[in-house]
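Let me begin by presenting the structure, written as structure tokens, before commenting on it.
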Amino acid sequence: MLQGTGRTPELPGRLATALHAHAEQFRTQPEVQVETACRAGCAHCCHQPATAFPFEAIQIAESLRARLSPEELELILQALRKRVSGLTNRSVRQSIENKSPCPLLKDRRCSIYELRPLTCRMAHSLAVK
């Protein structure tokens with residue numbers, strides 16, 4: 001338990017895992033399934049604005065801190081700040097039209113695929129363009 005907080009350090013990961021499992025269960029129901037054009041390396045959805053629940057962001061940050069150097073982390077933070085500043089004070093349409101890539105996209109693949117937020121898990125391309 002984190003001293004004085006009443007929370008365990010595993011809580012963000014447990015919340016994210018439960019949410020993602022529930023979403024996957026919903027997404028794979030026969031009446032919900034649709035044919036998508038999504039394939040490894042597509043990255044279409046990775047050029048759309050995305051959000052993350054705080055517990056997802058914590059889990060992602062902890063994973064990145066564990067496997068990246070301080071220099072690599074700083075580059076990602078700079079790219080995240082730039083992307084957020086490009087979306088700040090914009091209309092929904094302007095935000096959607098902003099096609100800057102996700103800072104966590106590397107070689108047209110998600111560098112945090114196993115930990116990707118719910119918005120990324122539920123985004124699908126229905127046609128290759």
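Quick note on naming: the chains in the structure tokens go A, B, ... in the order shown, residues restart at 1 in each chain, and ligands are numbered from 1 in order of appearance.
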Residues within 9 Å of Met122 in chain A, please, as an MDAnalysis selection string. Count only C-alpha atoms; anything in the same chain fewer than 5 positions from it doesn't count. chainID A and resid 23:24 27 117
I need the residues from that last selection saved to file as a compact mmCIF listing (two decimals), in the first residue's frame (with C-alpha atoms), if you can.
```
# COMPACT_ATOMS: atom_id res chain seq x y z
CA ALA A 23 -14.29 -4.02 -23.61
CA GLU A 24 -12.80 -7.03 -25.39
CA ARG A 27 -16.22 -6.20 -28.84
CA PRO A 117 -5.98 2.93 -23.84
```
Name the residues of chain A that come out as strand (DSSP E or B) in a backbone DSSP run; write them as number ranges by chain. A: 105-106, 109-110
Of the listed residues A:Lys99, A:Ala123, A:Ile112, A:Leu118, that which approaches Glu62 in chain A most closely, counting only C-alpha atoms: A:Ile112
With only C-alpha atoms as the atoms that count, which of A:Ile96, A:Leu105, A:Cys110, A:Leu19 lies nearest to Ile76 in chain A? A:Leu105
Long-range neighbours of Ala40 in chain A as number ranges by chain, 10 Å cut-off, only C-alpha atoms, 2 positions minimum in chain: A: 38, 42-43, 108-110
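Between CA of Ile58 in chain A and CA of Gly13 in chain A the interatomic distance comes to 8.1 Å.
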My list of candidates is A:His47, A:Arg14, A:Arg116, A:Arg67. Which is closest to Arg83 in chain A when distances are computed with only C-alpha atoms? A:His47
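Nearest to Glu56 in chain A of all the residues A:Ala16, A:Leu77, A:Cys102, A:Leu68 is A:Ala16, based on only C-alpha atoms.
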Let's see if you can do this: from backbone DSSP, list all alpha helix (DSSP H) residues in chain A, as number ranges by chain. A: 11-27, 54-67, 70-87, 92-97, 118-122
Could you jot down the CA of Cys45 in chain A to CA of Ser95 in chain A separation for me, Å, one decimal place? 13.3 Å
Near Cys120 in chain A, within 9 Å and counting only C-alpha atoms, which residues show up once chain neighbours fewer than 6 positions away are dropped, as a list in words?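 Contacts, in chain order: Cys45, Cys46, Ala50, Thr51 and Ala52 of chain A.
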Resulting file, chosen residues, N, CA and C atoms, as an mmCIF file, in the first residue's frame:
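Generated output (selection-v5.cif):
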```cif
data_model
loop_
_atom_site.group_PDB
_atom_site.id
_atom_site.type_symbol
_atom_site.label_atom_id
_atom_site.label_comp_id
_atom_site.auth_asym_id
_atom_site.auth_seq_id
_atom_site.Cartn_x
_atom_site.Cartn_y
_atom_site.Cartn_z
ATOM 1 N N CYS A 45 -5.757 4.829 -37.284
ATOM 2 C CA CYS A 45 -6.354 5.369 -36.058
ATOM 3 C C CYS A 45 -5.326 6.070 -35.175
ATOM 4 N N CYS A 46 -4.062 5.768 -35.379
ATOM 5 C CA CYS A 46 -2.992 6.368 -34.572
ATOM 6 C C CYS A 46 -2.694 7.801 -34.988
ATOM 7 N N ALA A 50 -6.659 10.861 -29.192
ATOM 8 C CA ALA A 50 -7.038 9.773 -28.288
ATOM 9 C C ALA A 50 -6.964 10.272 -26.855
ATOM 10 N N THR A 51 -7.734 9.646 -26.013
ATOM 11 C CA THR A 51 -7.711 9.981 -24.594
ATOM 12 C C THR A 51 -7.382 8.725 -23.807
ATOM 13 N N ALA A 52 -7.043 8.916 -22.546
ATOM 14 C CA ALA A 52 -6.773 7.784 -21.658
ATOM 15 C C ALA A 52 -7.341 8.114 -20.293
#
```
Go through A:Gln48, A:Pro103, A:Gln25, A:Ala18 and flag the residue nearest Gln78 in chain A, using only C-alpha atoms for the distances. A:Pro103
Pick the closest to Phe53 in chain A from A:Ala21, A:Val84, A:Leu104, A:Leu15: which is it, counting only C-alpha atoms?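 When distances to Phe53 in chain A are compared using only C-alpha atoms, the smallest one comes from A:Leu15.
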